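**Q** For reference, the structure I am asking about is given below.
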Amino acid sequence: MSLGLPFCAVRPDSQILSPALGSPPSPFATEVPDFLLALAAGGHMPLWKRKSFWLVLSVSWLLLILLGVFPFRLAVPPGPLPGSSQSWPRWLDAAFLQSFSQSETLPEDAPQLPQAPRGSSCTWGACFDTSKCKGNVLSIFVHLPVGPTTEAHRGILDFLEGSRYYALSPAEACLHLFLPSQDHRGACGPLPPYWNGGRNHLVLSLYPAPCTRLGQAMVAEASPSSDIFRPGFDVALPYLPEAHPLQGGAPGQLQQHSPQPGATLLAVAEERGRWRTVSTHASACPWGRLCEQDPGPHQTHPGETLPKATFCLIPGHRSAASCFLQALQAGCIPVLLSPRWELPFSEVIDWTKAAIIADERLPLQVLAALGEMPPSRILSLRQQTQFLWTAYFSSVEKVIHTTLEIIQDRVWGASAHPSLMWNSPPGALLALPTFSTSLKDFPFYHQQQGSSPESRFSALIWVGVSGEPLLKLIQAVAGSRHCAQILILWSSEKPPPDRWPETTVPLTVIEGHRKASDRFFPYSDISTTAILSLDARSILSTSEVDFAFVVWQSFPERMVGFLTWNHFWDEARGGWGYSTKMANEFSMVLTTAAFYHRFFQGALHGALRMEEGNPRVCRSGPAFTVSLKPIFGYYHTLFTHSLPKTLRTLADDTPTCVDVLMNFLVATVTKLPPIKVPYGRQHQEAAPLAAEGPGPGPEPQPLAQDCINRVAAGFGHMPLVSSRVRLDPVLFKDPVSVQRKKYRSLEKP
């Protein structure tokens, strides 16, 4: 009986033959078991033994086939080449996506992303000479571009010429700014004079351009590729749309700070700024072709429409970087899929608080992780997108300003902005290092630092017309238990009196120059964090001063005042207007009676660029003291050294503009309305508006009304925020015994 066995035949004498007749015995031949010999010889075996034999034979045959045809191909995948780098993405949200981000090696069956060397050998220490940087402000000389200039270039030049950075000559400059150009054939334009191989030069390009990598110059360009970006030397800019506003800019578009139930979860960036909303189902595959599941229903939106979603998926290729700013403005959390470009201002901005970097090779895991993100985390990320957009990206001016502040921080080293200033409101652009670099000196970080404002204030009284109300005002203010000292800013044509009323606090007289903006200039040593700005015609009681100061201690970053105005949009005139009538709604408080933050920092007294004709002390005597030491108030420093000179001149020419300008400044910083406190009606009627200075009164004249439009144009937007809240003392006007009320005199008729 022939069995057709797949191995050699065996003779009864146990001599083994190879399949080819006459060939020598194989060295791998072994003795065959007796039951196989018996079967081959035609012997008989029990049925159960034959079944066992065929089972063993079949399994052996299958193993031989597998080992011969597929030798370990499925069991042992090939590893990476020796010395190859592991291109696992740089996770920005490692704490949330811990199950993916903590792996030390890539999945070995995943494709390897190419890695290129990062830039040239230029570093900050090797290619920038900090010895050329004098003073406390980065001085910049701008090389005018050759040939026709774009609107963006003209806006940059105008901004720099009016800024504190501008240097008139190359010899005075620490940094030379060069805007590269190309001719009609696409060739790079000529290098500027004083090039010096590019040392201490910054090549600035708001849009991707070929003529940026020049010599030893730093490069600030839009969305640079990660393989050529030099960390700590170059500056990564955002990819700006062509219609991006030069100044001001639109506010963030996040109407709801938390996702609405049933709202679209995902939006995917497509070409030309278009967005596609997709299903929130975790099994969907909204990008690429890495999975075969049905992507579900979707809707495409035109490029001018901002995405309305919780998460915005942005592909990693460089052309998709233009969608990044759209996501920020919309309050949509950017989810960057293995980006190959550097995030804007990554040197100072902590993007872990506003964005997520994910691996595009793990689509289902990423979607599952996003779907499980807690609402508190989503809220925090979306709020941070709005802050970053408003602080650094909403206009071309802010982008340029941020770039220069980053370079200035490198020059200053230890005196640079702390990370908290860059990554929390109001942002580093409004926290001038010339004022201070200590967080405790600013009115915004008390909660983070676990501190509180001081319990004393200094009063600054602007005197345009002397009279009896001034003496009563001094006595009322000096009677406050919180008052530390009083300064009299004398701006009257008449000389100040020889004698002043006796007070329990120091009194200083300073000679002004009859300018309304004098009151906001940094003066002599005031050792408190709060200042009470007053006009000589203001009428206040000691109780009103005490209560207003207690309110300010709870809101040290805001203005707290008694008299209010309100702005509105005038359809007939096609512009802004404001009303001085007493009403429930208001957006401004008058600086003739208001508290705001001011801090003394004597160690920085040389930082201020004291202008010609600075106010000076006019006389001294036994009743009061004098001082010439400079004082650095936060809002005073911003008013004097951040506002364009044209706006300060406007305030001097139109005195009522000083109140508008100061309220614009504070609202720009805080994004909040001022706070109103009770003020006796008898005081309002006794303080009419004088022609020579600011104060409460009737409707402003057309010239004064035009002030708010000119200030809004200077700021580039309308920052004022309206409110209807007034803070009153406990039991204020309640029908209870007067003995139970702390501020009893506030209710006197």
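Identifiers in the structure tokens: chain A, B, ... in order shown; residue index from 1 per chain; ligand index from 1 in order shown.
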Env of region 131-143 of chain A: 8 Å cut, atoms = only C-alpha atoms, seq-sep filter 3 positions within chain, self excluded. Answer as a JSON list (two decimals) with N, CA and C atoms, in the first residue's frame.
**A**
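Output (part.json):
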[["chain", "number", "residue", "atom", "x", "y", "z"],
["A", 157, "LEU", "N", 7.43, 100.45, 9.55],
["A", 157, "LEU", "CA", 8.29, 101.63, 9.67],
["A", 157, "LEU", "C", 7.63, 102.72, 10.50],
["A", 164, "ARG", "N", 9.55, 103.68, 21.34],
["A", 164, "ARG", "CA", 10.70, 103.99, 22.19],
["A", 164, "ARG", "C", 11.96, 103.26, 21.73],
["A", 165, "TYR", "N", 11.84, 102.34, 20.76],
["A", 165, "TYR", "CA", 13.00, 101.60, 20.28],
["A", 165, "TYR", "C", 13.82, 102.36, 19.24],
["A", 166, "TYR", "N", 13.26, 103.35, 18.60],
["A", 166, "TYR", "CA", 13.82, 103.92, 17.38],
["A", 166, "TYR", "C", 15.11, 104.67, 17.65],
["A", 167, "ALA", "N", 16.13, 104.39, 16.85],
["A", 167, "ALA", "CA", 17.41, 105.09, 16.89],
["A", 167, "ALA", "C", 17.61, 105.84, 15.58],
["A", 168, "LEU", "N", 18.12, 107.07, 15.68],
["A", 168, "LEU", "CA", 18.25, 107.91, 14.50],
["A", 168, "LEU", "C", 19.45, 107.54, 13.63],
["A", 169, "SER", "N", 20.49, 106.97, 14.21],
["A", 169, "SER", "CA", 21.70, 106.67, 13.46],
["A", 169, "SER", "C", 22.16, 105.25, 13.76],
["A", 170, "PRO", "N", 22.90, 104.63, 12.83],
["A", 170, "PRO", "CA", 23.39, 103.26, 13.08],
["A", 170, "PRO", "C", 24.34, 103.18, 14.27],
["A", 172, "GLU", "N", 24.11, 104.59, 17.11],
["A", 172, "GLU", "CA", 23.38, 104.53, 18.37],
["A", 172, "GLU", "C", 22.66, 103.21, 18.58],
["A", 173, "ALA", "N", 22.59, 102.39, 17.54],
["A", 173, "ALA", "CA", 21.70, 101.22, 17.57],
["A", 173, "ALA", "C", 22.39, 100.00, 18.15],
["A", 174, "CYS", "N", 21.62, 99.24, 18.89],
["A", 174, "CYS", "CA", 22.03, 97.91, 19.35],
["A", 174, "CYS", "C", 21.67, 96.86, 18.31],
["A", 175, "LEU", "N", 20.56, 97.08, 17.60],
["A", 175, "LEU", "CA", 20.05, 96.12, 16.62],
["A", 175, "LEU", "C", 19.73, 96.85, 15.33],
["A", 176, "HIS", "N", 20.10, 96.24, 14.21],
["A", 176, "HIS", "CA", 19.78, 96.77, 12.88],
["A", 176, "HIS", "C", 18.68, 95.90, 12.28],
["A", 177, "LEU", "N", 17.61, 96.53, 11.85],
["A", 177, "LEU", "CA", 16.47, 95.81, 11.28],
["A", 177, "LEU", "C", 16.51, 95.92, 9.76],
["A", 178, "PHE", "N", 16.43, 94.78, 9.10],
["A", 178, "PHE", "CA", 16.50, 94.72, 7.65],
["A", 178, "PHE", "C", 15.28, 93.99, 7.12],
["A", 179, "LEU", "N", 14.55, 94.64, 6.21],
["A", 179, "LEU", "CA", 13.39, 94.04, 5.56],
["A", 179, "LEU", "C", 13.81, 93.58, 4.17],
["A", 192, "PRO", "N", 22.09, 95.80, 3.05],
["A", 192, "PRO", "CA", 22.15, 97.20, 3.49],
["A", 192, "PRO", "C", 23.57, 97.59, 3.87],
["A", 404, "LEU", "N", 10.50, 92.31, 19.22],
["A", 404, "LEU", "CA", 11.54, 93.18, 19.79],
["A", 404, "LEU", "C", 11.68, 92.96, 21.29],
["A", 408, "GLN", "N", 14.98, 91.98, 23.34],
["A", 408, "GLN", "CA", 15.40, 92.79, 24.48],
["A", 408, "GLN", "C", 15.56, 91.93, 25.74],
["A", 411, "VAL", "N", 18.92, 90.40, 25.65],
["A", 411, "VAL", "CA", 19.99, 91.34, 25.97],
["A", 411, "VAL", "C", 20.07, 91.55, 27.48],
["A", 434, "THR", "N", 11.12, 98.62, 32.37],
["A", 434, "THR", "CA", 11.62, 99.89, 32.88],
["A", 434, "THR", "C", 10.90, 100.29, 34.16],
["A", 607, "ALA", "N", 16.05, 104.85, 34.42],
["A", 607, "ALA", "CA", 15.44, 104.28, 33.21],
["A", 607, "ALA", "C", 14.56, 105.28, 32.48]]
**Q** Can you tell me, as a ChimeraX atom specification, what residues are no more than 8 Å from region 587-597 of chain A when counting only C-alpha atoms, ignoring any on the same chain fewer than 6 positions away?
**A** /A:443,529-535,538,548-549,552,556-567,633-635,659-660,662-663,673-676,694-696,720-723
**Q** DSSP on the backbone: what in region 394-542 of chain A comes out alpha helix (DSSP H), as a ChimeraX atom specification?
**A** /A:396-412,419-422,446-449,468-478,542
**Q** Now that the selection is made, can you save its residues with C-alpha atoms as an mmCIF file, in the first residue's frame?
**A**
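The file below, again-v3.cif, is the result:
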data_model
loop_
_atom_site.group_PDB
_atom_site.id
_atom_site.type_symbol
_atom_site.label_atom_id
_atom_site.label_comp_id
_atom_site.auth_asym_id
_atom_site.auth_seq_id
_atom_site.Cartn_x
_atom_site.Cartn_y
_atom_site.Cartn_z
ATOM 1 C CA VAL A 396 1.004 93.517 12.913
ATOM 2 C CA GLU A 397 2.190 96.061 15.487
ATOM 3 C CA LYS A 398 1.793 93.542 18.309
ATOM 4 C CA VAL A 399 3.709 90.898 16.359
ATOM 5 C CA ILE A 400 6.610 93.317 15.775
ATOM 6 C CA HIS A 401 6.473 94.577 19.361
ATOM 7 C CA THR A 402 6.590 91.005 20.702
ATOM 8 C CA THR A 403 9.579 90.188 18.494
ATOM 9 C CA LEU A 404 11.539 93.176 19.791
ATOM 10 C CA GLU A 405 10.649 92.441 23.424
ATOM 11 C CA ILE A 406 11.954 88.868 23.019
ATOM 12 C CA ILE A 407 15.276 90.182 21.722
ATOM 13 C CA GLN A 408 15.398 92.792 24.479
ATOM 14 C CA ASP A 409 14.856 90.042 27.062
ATOM 15 C CA ARG A 410 17.876 88.209 25.637
ATOM 16 C CA VAL A 411 19.989 91.341 25.973
ATOM 17 C CA TRP A 412 18.910 91.959 29.555
ATOM 18 C CA SER A 419 7.517 83.539 32.199
ATOM 19 C CA LEU A 420 4.388 84.360 34.201
ATOM 20 C CA MET A 421 4.289 87.825 32.642
ATOM 21 C CA TRP A 422 4.423 86.371 29.135
ATOM 22 C CA HIS A 446 -1.284 89.388 43.873
ATOM 23 C CA GLN A 447 -3.380 86.223 43.675
ATOM 24 C CA GLN A 448 -0.589 84.147 42.109
ATOM 25 C CA GLN A 449 1.944 85.517 44.583
ATOM 26 C CA GLU A 468 -10.871 127.647 49.660
ATOM 27 C CA PRO A 469 -11.990 124.186 48.377
ATOM 28 C CA LEU A 470 -8.326 123.161 48.115
ATOM 29 C CA LEU A 471 -7.686 123.710 51.814
ATOM 30 C CA LYS A 472 -10.804 121.760 52.786
ATOM 31 C CA LEU A 473 -9.826 118.955 50.419
ATOM 32 C CA ILE A 474 -6.354 118.698 51.971
ATOM 33 C CA GLN A 475 -7.834 118.407 55.452
ATOM 34 C CA ALA A 476 -10.373 115.772 54.366
ATOM 35 C CA VAL A 477 -7.748 113.631 52.643
ATOM 36 C CA ALA A 478 -5.180 114.013 55.432
ATOM 37 C CA THR A 542 -12.940 111.487 54.710
#
**Q** Record the distance separating CA of Gly331 (chain A) and CA of Glu221 (chain A), expressed in Å with one decimal.
**A**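 Going from CA of Gly331 (chain A) over to CA of Glu221 (chain A) covers 24.4 Å.
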**Q** Rounded to one decimal place, report the CA of Phe442 (chain A)-CA of Phe387 (chain A) distance in Å.
**A**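 According to the coordinates, CA of Phe442 (chain A) and CA of Phe387 (chain A) are separated by 18.2 Å.
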**Q** Identify all residues of region 392-462 of chain A in strand (DSSP E or B) (DSSP on the backbone) and supply them as a PyMOL selection string.
**A** chain A and resi 457-462
